[in-house]
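The next block is query-v3.pdb, given as PDB, C-alpha atoms, pLDDT in the B column.
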```pdb
MODEL        1
ATOM      1  CA  VAL A1223    -139.140  57.090  64.471  1.00 54.00           C
ATOM      2  CA  LEU A1224    -137.869  53.912  62.761  1.00 49.00           C
ATOM      3  CA  LYS A1225    -139.561  54.903  59.492  1.00 52.00           C
ATOM      4  CA  MET A1226    -137.973  58.365  59.664  1.00 46.00           C
ATOM      5  CA  LYS A1227    -134.508  56.842  60.210  1.00 45.00           C
ATOM      6  CA  LYS A1228    -135.031  54.618  57.176  1.00 46.00           C
ATOM      7  CA  ILE A1229    -136.062  57.584  54.999  1.00 45.00           C
ATOM      8  CA  ILE A1230    -133.061  59.623  56.178  1.00 47.00           C
ATOM      9  CA  GLY A1231    -130.757  56.664  55.509  1.00 47.00           C
ATOM     10  CA  ILE A1232    -132.098  56.301  51.951  1.00 45.00           C
ATOM     11  CA  ALA A1233    -131.770  60.041  51.335  1.00 45.00           C
ATOM     12  CA  ILE A1234    -128.148  60.023  52.513  1.00 47.00           C
ATOM     13  CA  SER A1235    -127.390  56.994  50.321  1.00 45.00           C
ATOM     14  CA  VAL A1236    -128.851  58.707  47.244  1.00 42.00           C
ATOM     15  CA  LEU A1237    -126.911  61.894  48.016  1.00 43.00           C
ATOM     16  CA  MET A1238    -123.640  59.997  48.417  1.00 44.00           C
ATOM     17  CA  ALA A1239    -124.259  58.086  45.178  1.00 43.00           C
ATOM     18  CA  THR A1240    -124.682  61.340  43.265  1.00 43.00           C
ATOM     19  CA  LEU A1241    -121.592  62.955  44.782  1.00 45.00           C
ATOM     20  CA  PHE A1242    -119.138  60.074  44.519  1.00 47.00           C
ATOM     21  CA  CYS A1243    -118.396  57.637  41.743  1.00 49.00           C
ATOM     22  CA  VAL A1244    -116.481  54.756  43.267  1.00 48.00           C
ATOM     23  CA  THR A1245    -115.845  51.147  42.376  1.00 49.00           C
ATOM     24  CA  ALA A1246    -114.603  48.213  44.387  1.00 46.00           C
ATOM     25  CA  PHE A1247    -111.199  46.677  43.837  1.00 49.00           C
ATOM     26  CA  ALA A1248    -110.797  45.233  40.383  1.00 52.00           C
ATOM     27  CA  VAL A1249    -108.782  42.051  40.578  1.00 49.00           C
ATOM     28  CA  GLU A1250    -107.566  40.242  37.486  1.00 43.00           C
ATOM     29  CA  PRO A1251    -106.085  36.799  38.132  1.00 53.00           C
ATOM     30  CA  ARG A1252    -103.799  37.011  35.083  1.00 74.00           C
ATOM     31  CA  TRP A1253    -101.839  39.878  36.625  1.00 90.00           C
ATOM     32  CA  LYS A1254     -98.535  38.908  38.216  1.00 92.00           C
ATOM     33  CA  ASN A1255     -97.187  42.117  39.758  1.00 94.00           C
ATOM     34  CA  VAL A1256    -100.477  43.999  40.231  1.00 95.00           C
ATOM     35  CA  ILE A1257    -102.799  42.826  43.013  1.00 94.00           C
ATOM     36  CA  ALA A1258    -105.569  45.436  42.728  1.00 95.00           C
ATOM     37  CA  ILE A1259    -106.636  48.670  41.039  1.00 96.00           C
ATOM     38  CA  SER A1260    -109.319  50.788  42.678  1.00 97.00           C
ATOM     39  CA  PRO A1261    -110.400  53.768  40.529  1.00 98.00           C
ATOM     40  CA  THR A1262    -112.508  56.665  41.793  1.00 97.00           C
ATOM     41  CA  ILE A1263    -114.156  59.647  40.095  1.00 97.00           C
ATOM     42  CA  SER A1264    -115.628  62.376  42.301  1.00 96.00           C
ATOM     43  CA  ALA A1265    -117.747  65.325  41.158  1.00 95.00           C
ATOM     44  CA  GLU A1266    -117.664  66.702  44.702  1.00 95.00           C
ATOM     45  CA  SER A1267    -113.876  66.919  44.964  1.00 96.00           C
ATOM     46  CA  GLN A1268    -113.354  67.526  41.219  1.00 97.00           C
ATOM     47  CA  SER A1269    -110.837  64.693  41.119  1.00 97.00           C
ATOM     48  CA  TYR A1270    -110.125  61.217  39.849  1.00 98.00           C
ATOM     49  CA  SER A1271    -107.681  58.631  41.111  1.00 98.00           C
ATOM     50  CA  SER A1272    -106.564  55.016  41.089  1.00 98.00           C
ATOM     51  CA  TYR A1273    -105.257  53.287  44.158  1.00 98.00           C
ATOM     52  CA  ILE A1274    -102.787  50.612  43.080  1.00 97.00           C
ATOM     53  CA  VAL A1275    -101.689  47.684  45.229  1.00 97.00           C
ATOM     54  CA  ALA A1276     -98.810  45.683  43.778  1.00 96.00           C
ATOM     55  CA  ASP A1277     -96.716  42.735  44.832  1.00 95.00           C
ATOM     56  CA  PRO A1278     -94.978  43.715  48.109  1.00 96.00           C
ATOM     57  CA  LYS A1279     -91.652  43.140  46.331  1.00 96.00           C
ATOM     58  CA  ALA A1280     -92.462  45.871  43.775  1.00 97.00           C
ATOM     59  CA  THR A1281     -89.863  48.597  43.608  1.00 96.00           C
ATOM     60  CA  LYS A1282     -91.415  50.947  41.041  1.00 97.00           C
ATOM     61  CA  MET A1283     -94.855  51.898  39.660  1.00 98.00           C
ATOM     62  CA  GLU A1284     -95.274  54.135  36.627  1.00 98.00           C
ATOM     63  CA  CYS A1285     -98.903  55.158  36.180  1.00 98.00           C
ATOM     64  CA  THR A1286    -100.860  57.129  33.591  1.00 98.00           C
ATOM     65  CA  LEU A1287    -104.470  58.117  34.249  1.00 98.00           C
ATOM     66  CA  VAL A1288    -106.559  59.252  31.275  1.00 98.00           C
ATOM     67  CA  LEU A1289    -110.008  60.755  31.887  1.00 98.00           C
ATOM     68  CA  TYR A1290    -112.602  60.679  29.102  1.00 98.00           C
ATOM     69  CA  GLU A1291    -115.996  62.390  28.989  1.00 98.00           C
ATOM     70  CA  LYS A1292    -118.907  60.720  27.205  1.00 97.00           C
ATOM     71  CA  GLY A1293    -120.561  62.925  24.605  1.00 95.00           C
ATOM     72  CA  PHE A1294    -124.177  63.198  23.474  1.00 92.00           C
ATOM     73  CA  TRP A1295    -123.709  60.620  20.704  1.00 94.00           C
ATOM     74  CA  GLY A1296    -122.012  58.115  23.007  1.00 93.00           C
ATOM     75  CA  ASN A1297    -118.455  58.873  21.944  1.00 96.00           C
ATOM     76  CA  TYR A1298    -115.693  59.426  24.511  1.00 97.00           C
ATOM     77  CA  THR A1299    -113.338  62.404  24.318  1.00 98.00           C
ATOM     78  CA  GLU A1300    -110.151  62.708  26.339  1.00 98.00           C
ATOM     79  CA  VAL A1301    -110.457  65.653  28.735  1.00 98.00           C
ATOM     80  CA  ASP A1302    -107.488  65.201  31.078  1.00 98.00           C
ATOM     81  CA  ARG A1303    -104.398  63.057  31.691  1.00 98.00           C
ATOM     82  CA  THR A1304    -101.691  62.761  34.301  1.00 98.00           C
ATOM     83  CA  SER A1305     -98.627  60.549  34.732  1.00 98.00           C
ATOM     84  CA  SER A1306     -96.301  59.930  37.652  1.00 98.00           C
ATOM     85  CA  THR A1307     -93.893  57.424  39.140  1.00 98.00           C
ATOM     86  CA  TYR A1308     -93.824  56.005  42.645  1.00 98.00           C
ATOM     87  CA  TYR A1309     -91.118  53.863  44.213  1.00 98.00           C
ATOM     88  CA  GLY A1310     -92.931  51.310  46.330  1.00 96.00           C
ATOM     89  CA  PHE A1311     -95.755  48.780  46.120  1.00 97.00           C
ATOM     90  CA  ARG A1312     -98.860  50.721  47.194  1.00 97.00           C
ATOM     91  CA  HIS A1313     -99.879  54.203  46.089  1.00 98.00           C
ATOM     92  CA  GLU A1314    -102.804  56.415  45.054  1.00 98.00           C
ATOM     93  CA  PHE A1315    -102.276  58.274  41.768  1.00 98.00           C
ATOM     94  CA  ASN A1316    -104.414  61.433  41.426  1.00 97.00           C
ATOM     95  CA  GLY A1317    -105.633  63.933  38.874  1.00 98.00           C
ATOM     96  CA  SER A1318    -108.054  66.851  38.969  1.00 97.00           C
ATOM     97  CA  TYR A1319    -110.682  68.013  36.502  1.00 98.00           C
ATOM     98  CA  ALA A1320    -113.972  69.945  36.551  1.00 97.00           C
ATOM     99  CA  ILE A1321    -116.171  66.825  36.744  1.00 97.00           C
ATOM    100  CA  LYS A1322    -119.841  67.551  36.092  1.00 95.00           C
ATOM    101  CA  ALA A1323    -122.643  65.755  37.931  1.00 94.00           C
ATOM    102  CA  GLY A1324    -124.941  63.878  35.553  1.00 94.00           C
ATOM    103  CA  THR A1325    -122.152  63.239  33.030  1.00 96.00           C
ATOM    104  CA  THR A1326    -120.559  59.865  32.268  1.00 97.00           C
ATOM    105  CA  TYR A1327    -116.793  59.562  32.480  1.00 98.00           C
ATOM    106  CA  LYS A1328    -114.294  56.806  31.732  1.00 98.00           C
ATOM    107  CA  LEU A1329    -111.001  56.547  33.593  1.00 98.00           C
ATOM    108  CA  THR A1330    -108.275  54.455  31.981  1.00 98.00           C
ATOM    109  CA  THR A1331    -105.507  53.430  34.358  1.00 98.00           C
ATOM    110  CA  THR A1332    -102.297  52.129  32.803  1.00 98.00           C
ATOM    111  CA  VAL A1333     -99.630  51.067  35.266  1.00 98.00           C
ATOM    112  CA  THR A1334     -96.240  49.434  34.781  1.00 98.00           C
ATOM    113  CA  VAL A1335     -95.070  47.653  37.922  1.00 97.00           C
ATOM    114  CA  THR A1336     -91.518  46.425  38.362  1.00 97.00           C
ATOM    115  CA  ALA A1337     -91.152  43.583  40.850  1.00 93.00           C
ATOM    116  CA  ASN A1338     -88.793  40.643  41.169  1.00 86.00           C
ATOM    117  CA  GLY A1339     -86.724  41.973  38.269  1.00 89.00           C
ATOM    118  CA  THR A1340     -89.614  41.955  35.760  1.00 93.00           C
ATOM    119  CA  SER A1341     -91.960  44.669  34.554  1.00 96.00           C
ATOM    120  CA  GLU A1342     -95.649  44.162  33.877  1.00 96.00           C
ATOM    121  CA  THR A1343     -97.994  46.681  32.245  1.00 97.00           C
ATOM    122  CA  VAL A1344    -101.682  46.518  33.110  1.00 96.00           C
ATOM    123  CA  SER A1345    -104.519  48.670  31.775  1.00 96.00           C
ATOM    124  CA  TYR A1346    -107.945  48.945  33.413  1.00 96.00           C
ATOM    125  CA  ASP A1347    -111.021  50.922  32.300  1.00 97.00           C
ATOM    126  CA  PHE A1348    -113.652  52.221  34.683  1.00 97.00           C
ATOM    127  CA  ASP A1349    -116.681  54.195  33.554  1.00 95.00           C
ATOM    128  CA  LYS A1350    -119.310  55.800  35.721  1.00 94.00           C
ATOM    129  CA  ARG A1351    -122.107  58.337  35.529  1.00 95.00           C
ATOM    130  CA  CYS A1352    -121.500  60.968  38.200  1.00 93.00           C
TER     131      CYS A1352
ENDMDL
END
```
Structure translated into structure tokens:
Amino acid sequence: VLKMKKIIGIAISVLMATLFCVTAFAVEPRWKNVIAISPTISAESQSYSSYIVADPKATKMECTLVLYEKGFWGNYTEVDRTSSTYYGFRHEFNGSYAIKAGTTYKLTTTVTVTANGTSETVSYDFDKRC
């Protein structure tokens, strides 16, 4: 019974890894207004996103997400892009695209955060094979 539970647990982990492409929070100490960027690419939901956490005093976030697909020769081609603005300090910016399992994608998140009267622009790249 214990061996069967272990096998089922491994199978579920492998299945989840193939369906979701997720990374942990990316924290850069040189950022002033941005605390964390957490990008996600999902073949299952055909979507990509970046969850941005900024300084609690942030009043505005302008974000552009650019999705690239890796080609046979290793080159990246832009396949989708979305931009939006949010007034606050914590928000998930989303886009949708027909993401194919077994393909490598790169998501570039560029966010400008205004807090304490100053604006800071941060760019973060995340690439993952789905």
(message) Evaluate the PyMOL selection byres ((chain A and resi 1307-1315) around 8) against this structure - the residues, as a list in words, please.
(response)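 Evaluating the PyMOL selection byres ((chain A and resi 1307-1315) around 8) on these coordinates yields Ser1271, Ser1272, Tyr1273, Ile1274, Val1275, Ala1276, Asp1277, Pro1278, Lys1279, Ala1280, Thr1281, Lys1282, Met1283, Glu1284, Cys1285, Leu1287, Ser1305, Ser1306, Asn1316 and Gly1317 of chain A.
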Would you put the residues from that selection into a file with C-alpha atoms, as a JSON list (two decimals), in the frame of the given file?
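Output saved as selection10.json:
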```json
[["chain", "number", "residue", "atom", "x", "y", "z"],
["A", 1271, "SER", "CA", -107.68, 58.63, 41.11],
["A", 1272, "SER", "CA", -106.56, 55.02, 41.09],
["A", 1273, "TYR", "CA", -105.26, 53.29, 44.16],
["A", 1274, "ILE", "CA", -102.79, 50.61, 43.08],
["A", 1275, "VAL", "CA", -101.69, 47.68, 45.23],
["A", 1276, "ALA", "CA", -98.81, 45.68, 43.78],
["A", 1277, "ASP", "CA", -96.72, 42.74, 44.83],
["A", 1278, "PRO", "CA", -94.98, 43.72, 48.11],
["A", 1279, "LYS", "CA", -91.65, 43.14, 46.33],
["A", 1280, "ALA", "CA", -92.46, 45.87, 43.78],
["A", 1281, "THR", "CA", -89.86, 48.60, 43.61],
["A", 1282, "LYS", "CA", -91.42, 50.95, 41.04],
["A", 1283, "MET", "CA", -94.86, 51.90, 39.66],
["A", 1284, "GLU", "CA", -95.27, 54.14, 36.63],
["A", 1285, "CYS", "CA", -98.90, 55.16, 36.18],
["A", 1287, "LEU", "CA", -104.47, 58.12, 34.25],
["A", 1305, "SER", "CA", -98.63, 60.55, 34.73],
["A", 1306, "SER", "CA", -96.30, 59.93, 37.65],
["A", 1316, "ASN", "CA", -104.41, 61.43, 41.43],
["A", 1317, "GLY", "CA", -105.63, 63.93, 38.87]]
```
Return as a tab-separated table the residues of region 1288-1316 of chain A lying at most 9 Å from region 1329-1352 of chain A, together with the closest atom-to-atom pair for each and the distance in Å to one decimal, counting all atoms listed in the file, with rows in chain order and ascending residue number.
```
residue	atom	partner	partner_atom	distance
A:Val1288	CA	A:Thr1330	CA	5.1
A:Leu1289	CA	A:Leu1329	CA	4.6
A:Tyr1290	CA	A:Leu1329	CA	6.3
A:Glu1291	CA	A:Leu1329	CA	9.0
A:Phe1311	CA	A:Val1335	CA	8.3
```
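Atom pair CA of Tyr1319 (chain A) / CA of Lys1292 (chain A): separated by 14.4 Å.
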(request) Measure the distance from CA of Arg1303 (chain A) to CA of Ser1318 (chain A) in Å and round it to one decimal. (result)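 A separation of 9.0 Å between them.
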(request) Between CA of Thr1286 (chain A) and CA of Val1256 (chain A), measure the distance and give it in Å to one decimal. (result) 14.7 Å
(request) Pick out the closest residue to Ser1269 (chain A) from this set: A:Thr1299, A:Lys1328, A:Ala1320, A:Phe1294. Count only C-alpha atoms. (result)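 Among the listed residues, A:Ala1320 lies closest to Ser1269 (chain A).
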